[in-house]
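So this one's query_24.tsv, TSV, C-alpha atoms and all ligand atoms:
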chain	number	residue	atom	x	y	z
A	1	MET	CA	0.94	26.60	-0.17
A	2	HIS	CA	2.30	30.05	-0.55
A	3	GLU	CA	-1.03	31.11	-2.08
A	4	ILE	CA	-3.08	29.45	0.63
A	5	ARG	CA	-1.23	31.31	3.27
A	6	LYS	CA	-1.82	34.52	1.38
A	7	ARG	CA	-5.52	33.96	1.04
A	8	HIS	CA	-5.82	33.01	4.68
A	9	PRO	CA	-3.33	35.24	6.36
A	10	LYS	CA	-4.43	34.64	9.92
A	11	GLY	CA	-6.94	31.77	9.97
A	12	TRP	CA	-6.59	28.21	11.38
A	13	ARG	CA	-6.32	26.96	7.88
A	14	PHE	CA	-2.85	28.38	7.68
A	15	LEU	CA	-1.76	25.90	10.24
A	16	PHE	CA	-3.97	23.07	9.25
A	17	VAL	CA	-3.88	22.90	5.46
A	18	PRO	CA	-0.17	22.70	4.85
A	19	PHE	CA	0.21	20.22	7.65
A	20	LYS	CA	-2.53	18.02	6.31
A	21	ARG	CA	-1.31	18.11	2.71
A	22	SER	CA	2.23	17.19	3.51
A	23	ARG	CA	1.01	14.50	5.91
A	24	ILE	CA	-1.12	12.89	3.21
A	25	MET	CA	1.63	13.18	0.66
A	26	SER	CA	4.35	11.84	2.84
A	27	THR	CA	2.21	8.83	3.80
A	28	GLU	CA	1.60	8.13	0.13
A	29	GLN	CA	5.29	8.42	-0.57
A	30	GLU	CA	6.16	6.20	2.35
A	31	ASN	CA	3.84	3.56	0.91
A	32	GLN	CA	5.52	3.89	-2.44
A	33	VAL	CA	8.92	3.45	-0.80
A	34	THR	CA	7.74	0.36	1.05
A	35	GLN	CA	6.28	-1.05	-2.15
A	36	THR	CA	9.48	-0.36	-4.07
A	37	LEU	CA	11.61	-2.00	-1.39
A	38	GLU	CA	9.28	-4.99	-1.41
A	39	ARG	CA	9.48	-5.31	-5.18
A	40	LEU	CA	13.26	-5.04	-5.02
A	41	HIS	CA	13.34	-7.81	-2.50
A	42	GLN	CA	11.37	-9.97	-4.88
A	43	ALA	CA	13.29	-9.02	-8.01
A	44	ALA	CA	14.74	-12.18	-9.51
A	45	SER	CA	17.26	-10.70	-11.91
A	46	VAL	CA	19.50	-7.70	-12.51
A	47	SER	CA	17.21	-6.64	-15.35
A	48	ASP	CA	14.16	-6.64	-12.97
A	49	VAL	CA	16.14	-4.35	-10.65
A	50	GLU	CA	16.99	-2.11	-13.56
A	51	ALA	CA	13.28	-1.78	-14.46
A	52	ILE	CA	12.50	-0.74	-10.88
A	53	ARG	CA	15.38	1.77	-10.91
A	54	VAL	CA	14.04	3.39	-14.10
A	55	GLU	CA	10.54	3.63	-12.58
A	56	ALA	CA	11.88	5.35	-9.48
A	57	LEU	CA	15.08	7.20	-10.38
A	58	GLY	CA	14.92	7.41	-14.17
A	59	LYS	CA	14.25	10.79	-15.81
A	60	GLN	CA	10.46	10.26	-15.59
A	61	GLY	CA	10.71	8.21	-12.39
A	62	TRP	CA	8.52	9.06	-9.43
A	63	ILE	CA	11.39	10.09	-7.15
A	64	SER	CA	12.84	12.30	-9.87
A	65	GLN	CA	9.43	13.98	-10.22
A	66	LEU	CA	9.35	14.41	-6.48
A	67	MET	CA	12.77	16.10	-6.54
A	68	LYS	CA	11.44	18.56	-9.10
A	69	THR	CA	8.66	19.71	-6.73
A	70	LEU	CA	11.36	21.10	-4.42
A	71	GLY	CA	11.98	23.91	-6.88
A	72	LYS	CA	8.45	25.19	-6.54
A	73	MET	CA	8.38	25.23	-2.72
A	74	THR	CA	8.97	28.12	-0.38
A	75	ALA	CA	12.29	28.21	1.33
A	76	GLU	CA	10.60	27.27	4.54
A	77	GLU	CA	8.86	24.23	3.12
A	78	ARG	CA	11.96	23.16	1.36
A	79	GLN	CA	13.80	23.09	4.65
A	80	THR	CA	11.72	20.20	5.91
A	81	GLU	CA	10.79	18.64	2.54
A	82	ALA	CA	14.24	18.54	0.99
A	83	PRO	CA	15.84	16.28	3.61
A	84	ARG	CA	12.78	14.07	3.61
A	85	ILE	CA	12.67	13.63	-0.19
A	86	GLN	CA	16.42	13.24	-0.41
A	87	GLY	CA	16.12	10.63	2.31
A	88	ILE	CA	13.59	8.74	0.20
A	89	ARG	CA	15.91	8.91	-2.78
A	90	ALA	CA	18.89	7.71	-0.77
A	91	ARG	CA	16.98	4.78	0.75
A	92	VAL	CA	15.66	3.63	-2.60
A	93	ALA	CA	18.99	4.15	-4.37
A	94	ASP	CA	20.88	2.22	-1.68
A	95	ALA	CA	18.36	-0.60	-1.76
A	96	ILE	CA	18.68	-0.80	-5.55
A	97	GLU	CA	22.48	-0.93	-5.35
A	98	ASP	CA	22.43	-3.62	-2.67
A	99	ARG	CA	19.91	-5.79	-4.50
A	100	LYS	CA	21.80	-5.39	-7.78
A	101	ALA	CA	25.10	-6.39	-6.19
A	102	ALA	CA	23.49	-9.40	-4.51
A	103	LEU	CA	21.86	-10.57	-7.74
A	104	GLU	CA	25.04	-10.04	-9.76
A	105	ALA	CA	27.00	-12.10	-7.30
A	106	ALA	CA	24.35	-14.85	-7.46
A	107	GLU	CA	24.32	-14.78	-11.27
A	108	LEU	CA	28.13	-15.05	-11.36
A	109	GLU	CA	28.04	-17.93	-8.91
A	110	ALA	CA	25.48	-19.73	-11.06
A	111	ARG	CA	27.52	-19.16	-14.22
A	112	LEU	CA	30.71	-20.37	-12.60
A	113	ALA	CA	28.90	-23.46	-11.44
A	114	THR	CA	27.73	-24.34	-14.97
A	115	GLU	CA	30.99	-23.41	-16.66
A	116	THR	CA	33.33	-25.54	-14.65
A	117	LEU	CA	36.03	-27.18	-16.67
A	118	ASP	CA	37.23	-30.64	-15.80
A	119	LEU	CA	40.96	-30.42	-16.37
A	120	THR	CA	41.38	-34.14	-15.83
A	121	LEU	CA	39.46	-34.97	-19.05
A	122	PRO	CA	41.56	-36.08	-22.08
A	123	ALA	CA	42.37	-33.28	-24.57
A	124	PRO	CA	40.13	-33.06	-27.66
A	125	ASP	CA	41.52	-34.08	-31.05
A	126	ALA	CA	43.75	-31.32	-32.43
A	127	PRO	CA	43.00	-30.21	-36.02
A	128	ARG	CA	45.26	-32.24	-38.29
A	129	GLY	CA	46.29	-29.98	-41.13
A	130	SER	CA	49.67	-30.42	-42.76
A	131	VAL	CA	51.94	-28.43	-45.03
A	132	HIS	CA	51.87	-29.85	-48.57
A	133	PRO	CA	55.27	-31.19	-49.69
A	134	VAL	CA	55.21	-28.79	-52.66
A	135	SER	CA	54.78	-25.79	-50.34
A	136	GLN	CA	57.52	-27.15	-48.14
A	137	MET	CA	59.86	-27.54	-51.13
A	138	MET	CA	59.15	-24.00	-52.31
A	139	ASP	CA	60.07	-22.73	-48.84
A	140	GLU	CA	63.24	-24.83	-48.86
A	141	LEU	CA	64.26	-23.45	-52.26
A	142	ALA	CA	63.56	-19.86	-51.23
A	143	GLU	CA	65.63	-20.38	-48.08
A	144	ILE	CA	68.62	-21.81	-49.96
A	145	PHE	CA	68.61	-19.20	-52.72
A	146	ALA	CA	68.01	-16.30	-50.34
A	147	ASP	CA	71.29	-17.29	-48.70
A	148	MET	CA	72.98	-16.87	-52.10
A	149	GLY	CA	71.54	-13.38	-52.52
A	150	PHE	CA	68.46	-14.21	-54.62
A	151	SER	CA	65.08	-12.61	-54.04
A	152	VAL	CA	61.70	-14.14	-54.85
A	153	ALA	CA	59.79	-12.73	-57.86
A	154	THR	CA	56.26	-13.56	-59.00
A	155	GLY	CA	54.16	-13.09	-62.11
A	156	PRO	CA	50.56	-13.75	-63.17
A	157	GLU	CA	49.30	-17.25	-63.95
A	158	ILE	CA	47.03	-15.76	-66.64
A	159	GLU	CA	49.55	-14.42	-69.14
A	160	ASP	CA	49.56	-13.15	-72.68
A	161	ASP	CA	51.48	-14.94	-75.37
A	162	TRP	CA	54.00	-12.12	-75.76
A	163	TYR	CA	55.47	-12.74	-72.28
A	164	ASN	CA	54.96	-16.50	-72.36
A	165	PHE	CA	56.40	-17.05	-75.85
A	166	THR	CA	57.36	-14.12	-78.07
A	167	ALA	CA	59.68	-12.31	-75.63
A	168	LEU	CA	61.28	-15.68	-74.85
A	169	ASN	CA	62.33	-15.93	-78.47
A	170	MET	CA	59.43	-18.10	-79.58
A	171	PRO	CA	57.68	-16.21	-82.42
A	172	GLU	CA	54.20	-17.27	-83.45
A	173	SER	CA	55.32	-19.90	-85.93
A	174	HIS	CA	57.91	-21.40	-83.57
A	175	PRO	CA	57.55	-25.20	-83.19
A	176	ALA	CA	58.27	-24.98	-79.42
A	177	ARG	CA	54.90	-23.27	-78.95
A	178	ALA	CA	53.16	-26.41	-80.13
A	179	MET	CA	55.18	-28.52	-77.68
A	180	HIS	CA	53.75	-26.65	-74.70
A	181	ASP	CA	50.16	-27.99	-74.94
A	182	THR	CA	48.89	-24.54	-74.06
A	183	PHE	CA	45.48	-23.72	-72.55
A	184	TYR	CA	44.32	-20.63	-74.46
A	185	PHE	CA	41.48	-18.30	-73.52
A	186	PRO	CA	38.90	-17.56	-76.22
A	187	ASP	CA	39.21	-13.77	-75.80
A	188	PRO	CA	42.14	-11.87	-77.33
A	189	ALA	CA	44.71	-10.15	-75.09
A	190	PRO	CA	44.07	-6.41	-74.42
A	191	LYS	CA	47.17	-5.42	-76.43
A	192	GLY	CA	46.57	-8.00	-79.17
A	193	GLY	CA	47.77	-11.60	-79.24
A	194	LYS	CA	46.31	-14.36	-77.11
A	195	MET	CA	45.65	-14.83	-73.41
A	196	LEU	CA	46.71	-18.15	-71.92
A	197	LEU	CA	47.54	-20.00	-68.70
A	198	ARG	CA	51.31	-19.65	-68.47
A	199	THR	CA	53.02	-22.87	-69.57
A	200	HIS	CA	56.19	-22.15	-67.57
A	201	THR	CA	57.59	-19.66	-65.07
A	202	SER	CA	59.98	-18.20	-67.68
A	203	PRO	CA	57.74	-15.16	-68.46
A	204	VAL	CA	58.62	-13.91	-64.95
A	205	GLN	CA	62.19	-13.45	-66.32
A	206	ILE	CA	60.89	-10.93	-68.84
A	207	ARG	CA	58.59	-9.15	-66.40
A	208	THR	CA	61.32	-8.79	-63.79
A	209	MET	CA	63.98	-7.55	-66.22
A	210	MET	CA	61.52	-5.01	-67.66
A	211	ARG	CA	60.48	-3.81	-64.19
A	212	ASP	CA	63.78	-3.89	-62.28
A	213	GLY	CA	66.46	-3.70	-64.98
A	214	ALA	CA	69.90	-5.15	-64.23
A	215	PRO	CA	71.77	-6.56	-62.33
A	216	LEU	CA	69.34	-9.21	-61.04
A	217	ARG	CA	69.30	-12.38	-58.99
A	218	ILE	CA	65.82	-13.88	-58.66
A	219	ILE	CA	63.95	-17.12	-58.31
A	220	ALA	CA	60.30	-17.31	-59.38
A	221	PRO	CA	58.34	-20.21	-57.91
A	222	GLY	CA	54.78	-20.83	-59.04
A	223	ARG	CA	52.05	-22.82	-60.76
A	224	VAL	CA	52.16	-23.56	-64.46
A	225	TYR	CA	49.64	-25.26	-66.77
A	226	ARG	CA	49.75	-27.67	-69.68
A	227	SER	CA	47.10	-29.83	-71.23
A	228	ASP	CA	48.72	-33.14	-70.29
A	229	SER	CA	47.86	-35.88	-67.81
A	230	ASP	CA	49.41	-39.20	-66.75
A	231	ALA	CA	51.36	-40.61	-63.79
A	232	THR	CA	54.15	-38.04	-64.19
A	233	HIS	CA	52.20	-35.15	-65.77
A	234	THR	CA	49.29	-33.14	-64.35
A	235	PRO	CA	47.54	-30.20	-66.09
A	236	MET	CA	48.80	-27.95	-63.30
A	237	PHE	CA	52.25	-28.36	-61.77
A	238	HIS	CA	54.97	-26.24	-60.16
A	239	GLN	CA	58.23	-24.77	-61.36
A	240	VAL	CA	60.96	-22.63	-59.93
A	241	GLU	CA	62.60	-20.33	-62.40
A	242	GLY	CA	66.01	-18.85	-61.70
A	243	LEU	CA	67.62	-15.83	-63.36
A	244	VAL	CA	70.94	-14.09	-62.88
A	245	ILE	CA	71.77	-11.00	-64.95
A	246	ASP	CA	75.06	-9.23	-64.43
A	247	LYS	CA	78.29	-8.34	-66.21
A	248	GLY	CA	80.77	-11.01	-67.32
A	249	ILE	CA	78.51	-13.95	-66.40
A	250	HIS	CA	79.49	-17.34	-67.89
A	251	LEU	CA	78.63	-21.05	-67.72
A	252	GLY	CA	80.98	-21.54	-64.75
A	253	HIS	CA	78.74	-19.33	-62.61
A	254	LEU	CA	75.75	-21.39	-63.67
A	255	LYS	CA	77.40	-24.67	-62.74
A	256	TRP	CA	78.65	-23.42	-59.37
A	257	THR	CA	75.24	-21.96	-58.46
A	258	LEU	CA	73.31	-25.12	-59.28
A	259	GLU	CA	75.90	-27.35	-57.61
A	260	THR	CA	75.82	-25.24	-54.44
A	261	PHE	CA	72.03	-25.29	-54.47
A	262	LEU	CA	71.77	-29.06	-54.96
A	263	LYS	CA	74.30	-29.77	-52.19
A	264	ALA	CA	72.23	-27.69	-49.77
A	265	PHE	CA	68.97	-29.17	-51.00
A	266	PHE	CA	69.97	-32.83	-50.79
A	267	GLU	CA	72.17	-32.10	-47.76
A	268	THR	CA	75.23	-33.85	-49.14
A	269	ASP	CA	78.52	-32.66	-50.60
A	270	ASP	CA	78.69	-35.73	-52.79
A	271	ILE	CA	76.92	-34.24	-55.80
A	272	VAL	CA	78.25	-34.74	-59.32
A	273	LEU	CA	76.61	-32.73	-62.09
A	274	ARG	CA	76.67	-33.32	-65.81
A	275	LEU	CA	75.80	-30.49	-68.17
A	276	ARG	CA	74.36	-32.00	-71.33
A	277	PRO	CA	73.96	-29.89	-74.47
A	278	SER	CA	70.32	-29.22	-75.20
A	279	TYR	CA	68.05	-26.69	-76.84
A	280	PHE	CA	65.72	-24.01	-75.47
A	281	PRO	CA	64.76	-21.00	-77.58
A	282	PHE	CA	65.46	-18.61	-74.67
A	283	THR	CA	69.00	-19.81	-73.86
A	284	GLU	CA	72.16	-20.09	-75.93
A	285	PRO	CA	73.94	-22.34	-75.24
A	286	SER	CA	71.37	-24.50	-73.49
A	287	VAL	CA	72.14	-27.35	-71.15
A	288	GLU	CA	70.20	-29.97	-69.31
A	289	VAL	CA	71.56	-30.70	-65.88
A	290	ASP	CA	71.83	-34.30	-64.73
A	291	VAL	CA	72.93	-35.58	-61.36
A	292	GLY	CA	74.76	-38.86	-60.73
A	293	PHE	CA	73.24	-41.50	-58.47
A	294	ALA	CA	73.66	-45.12	-57.49
A	295	ILE	CA	70.96	-47.70	-56.90
A	296	VAL	CA	71.42	-49.25	-53.47
A	297	ASP	CA	68.88	-51.85	-52.27
A	298	GLY	CA	66.45	-50.69	-54.95
A	299	LYS	CA	66.67	-47.06	-53.82
A	300	ARG	CA	68.29	-44.11	-55.57
A	301	VAL	CA	71.22	-42.71	-53.60
A	302	LEU	CA	72.68	-39.43	-54.83
A	303	GLY	CA	76.42	-39.11	-55.36
A	304	GLY	CA	79.28	-40.12	-57.59
A	305	SER	CA	79.53	-39.82	-61.35
A	306	GLY	CA	76.62	-41.32	-63.24
A	307	ASP	CA	79.19	-43.04	-65.44
A	308	ALA	CA	80.69	-45.07	-62.55
A	309	PRO	CA	79.75	-48.76	-62.34
A	310	GLY	CA	76.30	-49.24	-60.79
A	311	HIS	CA	75.54	-45.55	-61.29
A	312	ALA	CA	73.32	-43.59	-63.65
A	313	TRP	CA	72.40	-40.00	-64.52
A	314	MET	CA	69.11	-38.41	-63.67
A	315	GLU	CA	67.81	-35.33	-65.44
A	316	LEU	CA	66.98	-32.53	-63.00
A	317	LEU	CA	66.46	-29.27	-64.82
A	318	GLY	CA	66.77	-27.17	-67.96
A	319	SER	CA	69.17	-24.28	-68.04
A	320	GLY	CA	71.49	-22.13	-70.12
A	321	MET	CA	72.97	-18.72	-70.84
A	322	VAL	CA	70.17	-16.24	-71.48
A	323	ASN	CA	69.75	-15.72	-75.22
A	324	ARG	CA	70.81	-12.22	-76.41
A	325	ARG	CA	67.45	-11.79	-78.06
A	326	VAL	CA	65.64	-12.36	-74.76
A	327	ILE	CA	67.78	-9.70	-73.07
A	328	GLU	CA	66.91	-7.35	-75.94
A	329	PHE	CA	63.18	-8.14	-75.75
A	330	ALA	CA	63.32	-7.23	-72.05
A	331	GLY	CA	64.80	-3.83	-72.89
A	332	LEU	CA	68.44	-4.41	-71.84
A	333	ASP	CA	71.65	-4.18	-73.87
A	334	PRO	CA	73.05	-7.72	-74.39
A	335	ASP	CA	76.55	-6.33	-75.04
A	336	GLU	CA	76.51	-4.97	-71.50
A	337	TRP	CA	74.49	-7.59	-69.65
A	338	GLN	CA	74.70	-11.38	-69.71
A	339	GLY	CA	73.13	-14.00	-67.56
A	340	PHE	CA	72.03	-17.54	-66.97
A	341	ALA	CA	68.66	-19.05	-66.20
A	342	TRP	CA	67.14	-22.34	-65.24
A	343	GLY	CA	63.75	-23.95	-64.84
A	344	LEU	CA	63.08	-26.75	-62.41
A	345	GLY	CA	60.04	-28.96	-61.90
A	346	VAL	CA	59.25	-28.72	-58.18
A	347	ASP	CA	56.81	-31.62	-58.05
A	348	ARG	CA	59.26	-33.92	-59.79
A	349	LEU	CA	62.00	-32.90	-57.42
A	350	ALA	CA	59.70	-33.64	-54.46
A	351	MET	CA	58.90	-37.07	-55.93
A	352	LEU	CA	62.61	-37.73	-56.12
A	353	LYS	CA	63.44	-36.46	-52.66
A	354	TYR	CA	60.60	-38.20	-50.85
A	355	GLY	CA	60.25	-41.32	-53.02
A	356	MET	CA	56.71	-40.79	-54.34
A	357	ASP	CA	55.76	-42.47	-57.58
A	358	ASP	CA	52.49	-40.89	-58.74
A	359	LEU	CA	52.33	-37.14	-59.35
A	360	ARG	CA	48.51	-37.18	-59.51
A	361	ALA	CA	48.33	-38.00	-55.79
A	362	PHE	CA	49.84	-34.55	-55.11
A	363	PHE	CA	46.59	-32.94	-56.14
A	364	ASP	CA	43.94	-35.47	-55.06
A	365	GLY	CA	43.56	-33.89	-51.62
A	366	ASP	CA	43.52	-37.35	-50.00
A	367	ALA	CA	43.83	-36.74	-46.24
A	368	ARG	CA	45.81	-39.97	-45.73
A	369	TRP	CA	48.38	-38.96	-48.34
A	370	LEU	CA	48.68	-35.48	-46.84
A	371	GLN	CA	49.02	-36.96	-43.38
A	372	HIS	CA	51.80	-39.23	-44.57
A	373	TYR	CA	53.79	-36.88	-46.80
A	374	GLY	CA	52.77	-33.50	-45.33
A	375	PHE	CA	54.90	-31.45	-42.97
A	376	SER	CA	54.11	-29.88	-39.66
A	377	GLY	CA	53.78	-26.10	-39.58
A	378	LEU	CA	56.74	-26.25	-37.21
A	379	ASP	CA	59.01	-27.77	-39.87
A	380	GLN	CA	60.37	-24.40	-40.98
A	381	PRO	CA	63.21	-24.93	-43.41
A	382	THR	CA	66.28	-23.05	-42.20
A	383	LEU	CA	69.85	-23.38	-43.30
A	384	SER	CA	71.03	-23.55	-39.71
A	385	GLY	CA	68.54	-26.28	-38.79
A	386	GLY	CA	68.77	-28.24	-42.07
A	387	VAL	CA	66.34	-27.48	-44.87
A	388	GLY	CA	64.96	-30.98	-45.12
A	389	ALA	CA	64.54	-31.57	-41.38
A	390	LYS	CA	61.24	-32.92	-40.13
A	391	ALA	CA	60.30	-31.81	-36.60
A	401	LIG	N1	60.84	-23.04	-69.32
A	401	LIG	C1	61.36	-24.36	-69.54
A	401	LIG	C2	60.24	-25.36	-69.48
A	401	LIG	O1	59.25	-25.12	-68.90
A	401	LIG	C3	62.38	-24.70	-68.49
A	401	LIG	C4	63.60	-23.89	-68.63
A	401	LIG	C5	64.68	-24.35	-69.37
A	401	LIG	C6	63.70	-22.65	-68.06
A	401	LIG	C7	65.81	-23.61	-69.51
A	401	LIG	C8	64.86	-21.91	-68.16
A	401	LIG	C9	65.90	-22.39	-68.91
A	401	LIG	O2	64.99	-20.71	-67.60
A	401	LIG	O3	67.03	-21.66	-69.04
A	401	LIG	O4	60.37	-26.41	-70.02
Whole structure, structure tokens version:
Amino acid sequence: MHEIRKRHPKGWRFLFVPFKRSRIMSTEQENQVTQTLERLHQAASVSDVEAIRVEALGKQGWISQLMKTLGKMTAEERQTEAPRIQGIRARVADAIEDRKAALEAAELEARLATETLDLTLPAPDAPRGSVHPVSQMMDELAEIFADMGFSVATGPEIEDDWYNFTALNMPESHPARAMHDTFYFPDPAPKGGKMLLRTHTSPVQIRTMMRDGAPLRIIAPGRVYRSDSDATHTPMFHQVEGLVIDKGIHLGHLKWTLETFLKAFFETDDIVLRLRPSYFPFTEPSVEVDVGFAIVDGKRVLGGSGDAPGHAWMELLGSGMVNRRVIEFAGLDPDEWQGFAWGLGVDRLAMLKYGMDDLRAFFDGDARWLQHYGFSGLDQPTLSGGVGAKA
């Protein structure tokens, strides 16, 4: 327009041309505004509105292009054109906002209408998992022994025969090795010897002494494996190992510790223990620990001496003073450090405590059995609340 005015400095065209051009343009733009407003009115969704917004106000949108033309105008032209174009932009932008808000509100309404929840309906079935009695027992044992200053140690289930046998004073030719019905792996151990599934939790004694030195008070719960299967034996079962290493430790400490544990575990002070001489390669002397019980109405009731009339003894666990050689194998000086240890069958103890008669059912995964014997996740064993309490 600047050029036109220059080429026709005083003619009628000066007045006419710019007037005509802007008239034509503004009519066109007015039509486009009307069309846009009409399309907005008909837009059925927020995404339709968004498409219209991009067409008009997006980077390449027609209103944005229109805004750019302002830069090329004379100051004079801009004075009339700028408010007009900005007016167009404001009208379209406002209309877009309004339509978007209206559609969003309608979409929310529709969603709320479909997502109503009838709070008077009965609750759906809750998932019915339960805590396996073996897990529960392990937690009970950890709770009781933690109170006596023991910590929980663990070791690998895939062991080598040095930890599982040799360091526990069972050299290769030792007859006790044969008694363990061991599952061996075909490949040799990295440092020589054989790899196997640990046959007891006792190798954790060695690993812990070698790692932490002395003094020590640990229990080591875990899975163990033997090639054996009947109503009271499964190829995998659970043990809890115990180990105390300190100075001046003797059999009296062993007896007091196990007695205190069993009183807490069976929740009765009426516990009578019998230590019966036995043999384990890793303890010297070795004892088996029996507990006295009576049979009342066909059920075993703990308490009293097993020698009393109507009473009997029940074997609970193997135990003894840690053999000097074992302390040596673990890198400690047996003249300085002594200790006692025990090994307890967790599954068997659970059978006793809860009156189950077939060990195999522990590992069948039968939902009815788990429902009956399992515990709720809320049955946390605590000494204050009673370790055997069922919620
Ligand atoms: N490890 C033995 C077993 O599995 C149990 C055992 C007996 C562990 C006496 C001990 C112990 O720590 O002192 O048959």
Just to confirm, what's the straight-line distance from CA of Val322 (chain A) to atom C8 of ligand LIG 401 (chain A) in Å (one decimal)?
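Atom-to-atom, CA of Val322 (chain A) and atom C8 of ligand LIG 401 (chain A) are spaced 8.4 Å apart.
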If the limit is 7 Å from any atom of ligand LIG 401 (chain A), counting all atoms listed in the file, which residues qualify? Return them as a list in words.
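The neighbouring residues of ligand LIG 401 (chain A) are, in order, Thr199, His200, Thr201, Ser202, Glu241, Gly242, Leu243, Phe280, Phe282, Thr283, Ser286, Leu317, Gly318, Ser319, Gly320, Met321, Val322, Phe340, Ala341, Trp342, Gly343 and Leu344 of chain A.
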Between A:Gly61, A:Pro203, A:Pro186, A:Gly292, which residue has the minimum interatomic distance to Pro309 (chain A), considering all atoms listed in the file?
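Nearest to Pro309 (chain A): A:Gly292.
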Nearest to Gly213 (chain A) among A:Tyr279, A:Ile245, A:Leu57, A:Phe145, with distances taken over only C-alpha atoms: which residue is it?
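Ranking A:Tyr279, A:Ile245, A:Leu57, A:Phe145 by distance to Gly213 (chain A), first place goes to A:Ile245.
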Which value, in Å to one decimal, gives the distance between CA of Glu115 (chain A) and CA of Ala44 (chain A)?
21.0 Å
Of the listed residues A:Ile85, A:Ala93, A:Ile219, A:Ala330, that which approaches Thr36 (chain A) most closely, counting all atoms listed in the file
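Selected residue with least distance to Thr36 (chain A): A:Ala93.
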Within 12 Å of region 103-105 of chain A, counting all atoms listed in the file, which residues show up once you throw out same-chain ones fewer than 2 positions away? Write them as an MDAnalysis selection string, please.
chainID A and resid 40:50 96:101 107:112
Name the closest residue to Leu349 (chain A) among the candidates A:Pro215, A:Pro133, A:Gly310, A:Gly149; distances are taken between atoms, counting all atoms listed in the file.
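Once distances to Leu349 (chain A) are computed over all atoms listed in the file, the minimum belongs to A:Pro133.
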Could you work out an axis-aligned box for region 179-196 of chain A, taking every atom the file lists and adding 3 Å on each side, and report centre and edge lengths in Å to one decimal, as AutoDock Vina command-line options?
--center_x 47.0 --center_y -17.0 --center_z -75.6 --size_x 22.3 --size_y 29.1 --size_z 13.3
Using all atoms listed in the file, what residues lie at most 12 Å away from (53.5, -35.7, -50.9) (file coordinates), given as an mmCIF file with C-alpha atoms, in the frame of the given file?
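Final file, result-v9.cif:
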data_model
loop_
_atom_site.group_PDB
_atom_site.id
_atom_site.type_symbol
_atom_site.label_atom_id
_atom_site.label_comp_id
_atom_site.auth_asym_id
_atom_site.auth_seq_id
_atom_site.Cartn_x
_atom_site.Cartn_y
_atom_site.Cartn_z
ATOM 1 C CA SER A 130 49.670 -30.420 -42.760
ATOM 2 C CA VAL A 131 51.940 -28.430 -45.030
ATOM 3 C CA HIS A 132 51.870 -29.850 -48.570
ATOM 4 C CA PRO A 133 55.270 -31.190 -49.690
ATOM 5 C CA VAL A 134 55.210 -28.790 -52.660
ATOM 6 C CA SER A 135 54.780 -25.790 -50.340
ATOM 7 C CA GLN A 136 57.520 -27.150 -48.140
ATOM 8 C CA MET A 137 59.860 -27.540 -51.130
ATOM 9 C CA VAL A 346 59.250 -28.720 -58.180
ATOM 10 C CA ASP A 347 56.810 -31.620 -58.050
ATOM 11 C CA ARG A 348 59.260 -33.920 -59.790
ATOM 12 C CA LEU A 349 62.000 -32.900 -57.420
ATOM 13 C CA ALA A 350 59.700 -33.640 -54.460
ATOM 14 C CA MET A 351 58.900 -37.070 -55.930
ATOM 15 C CA LEU A 352 62.610 -37.730 -56.120
ATOM 16 C CA LYS A 353 63.440 -36.460 -52.660
ATOM 17 C CA TYR A 354 60.600 -38.200 -50.850
ATOM 18 C CA GLY A 355 60.250 -41.320 -53.020
ATOM 19 C CA MET A 356 56.710 -40.790 -54.340
ATOM 20 C CA ASP A 357 55.760 -42.470 -57.580
ATOM 21 C CA ASP A 358 52.490 -40.890 -58.740
ATOM 22 C CA LEU A 359 52.330 -37.140 -59.350
ATOM 23 C CA ARG A 360 48.510 -37.180 -59.510
ATOM 24 C CA ALA A 361 48.330 -38.000 -55.790
ATOM 25 C CA PHE A 362 49.840 -34.550 -55.110
ATOM 26 C CA PHE A 363 46.590 -32.940 -56.140
ATOM 27 C CA ASP A 364 43.940 -35.470 -55.060
ATOM 28 C CA GLY A 365 43.560 -33.890 -51.620
ATOM 29 C CA ASP A 366 43.520 -37.350 -50.000
ATOM 30 C CA ALA A 367 43.830 -36.740 -46.240
ATOM 31 C CA ARG A 368 45.810 -39.970 -45.730
ATOM 32 C CA TRP A 369 48.380 -38.960 -48.340
ATOM 33 C CA LEU A 370 48.680 -35.480 -46.840
ATOM 34 C CA GLN A 371 49.020 -36.960 -43.380
ATOM 35 C CA HIS A 372 51.800 -39.230 -44.570
ATOM 36 C CA TYR A 373 53.790 -36.880 -46.800
ATOM 37 C CA GLY A 374 52.770 -33.500 -45.330
ATOM 38 C CA PHE A 375 54.900 -31.450 -42.970
#
Skip Met236 (chain A) itself and residues of its chain fewer than 4 positions away, then list as a list in words all residues within 8 Å of it, counting only C-alpha atoms.
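Neighbouring residues, sequence-local ones excluded: Arg223, Val224, Tyr225 and Arg226 of chain A.
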Pairwise distance for CA of Met148 (chain A) and CA of Phe261 (chain A), rounded to one decimal in Å
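Taking CA of Met148 (chain A) and CA of Phe261 (chain A), their separation equals 8.8 Å.
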May I have the residues within 12 Å of His253 (chain A) as a list in words, using only C-alpha atoms and disregarding those fewer than 2 positions away in the same chain?
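Residues near the query, excluding close chain neighbours: Leu243, Val244, Ile245, Asp246, Lys247, Gly248, Ile249, His250, Leu251, Lys255, Trp256, Thr257, Leu258, Glu259, Thr260, Gly320, Met321, Gln338, Gly339, Phe340 and Ala341 of chain A.
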Measuring between all atoms listed in the file, which one of A:Asp181, A:Lys263, A:Glu81, A:Tyr163 shows the shortest distance to His233 (chain A)?
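Looking at the shortest contact to His233 (chain A), the residue is A:Asp181.
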Residue with smallest distance to Gly377 (chain A) - pool A:Asp139, A:Asp94, A:Glu28, A:Glu38, counting all atoms listed in the file
A:Asp139
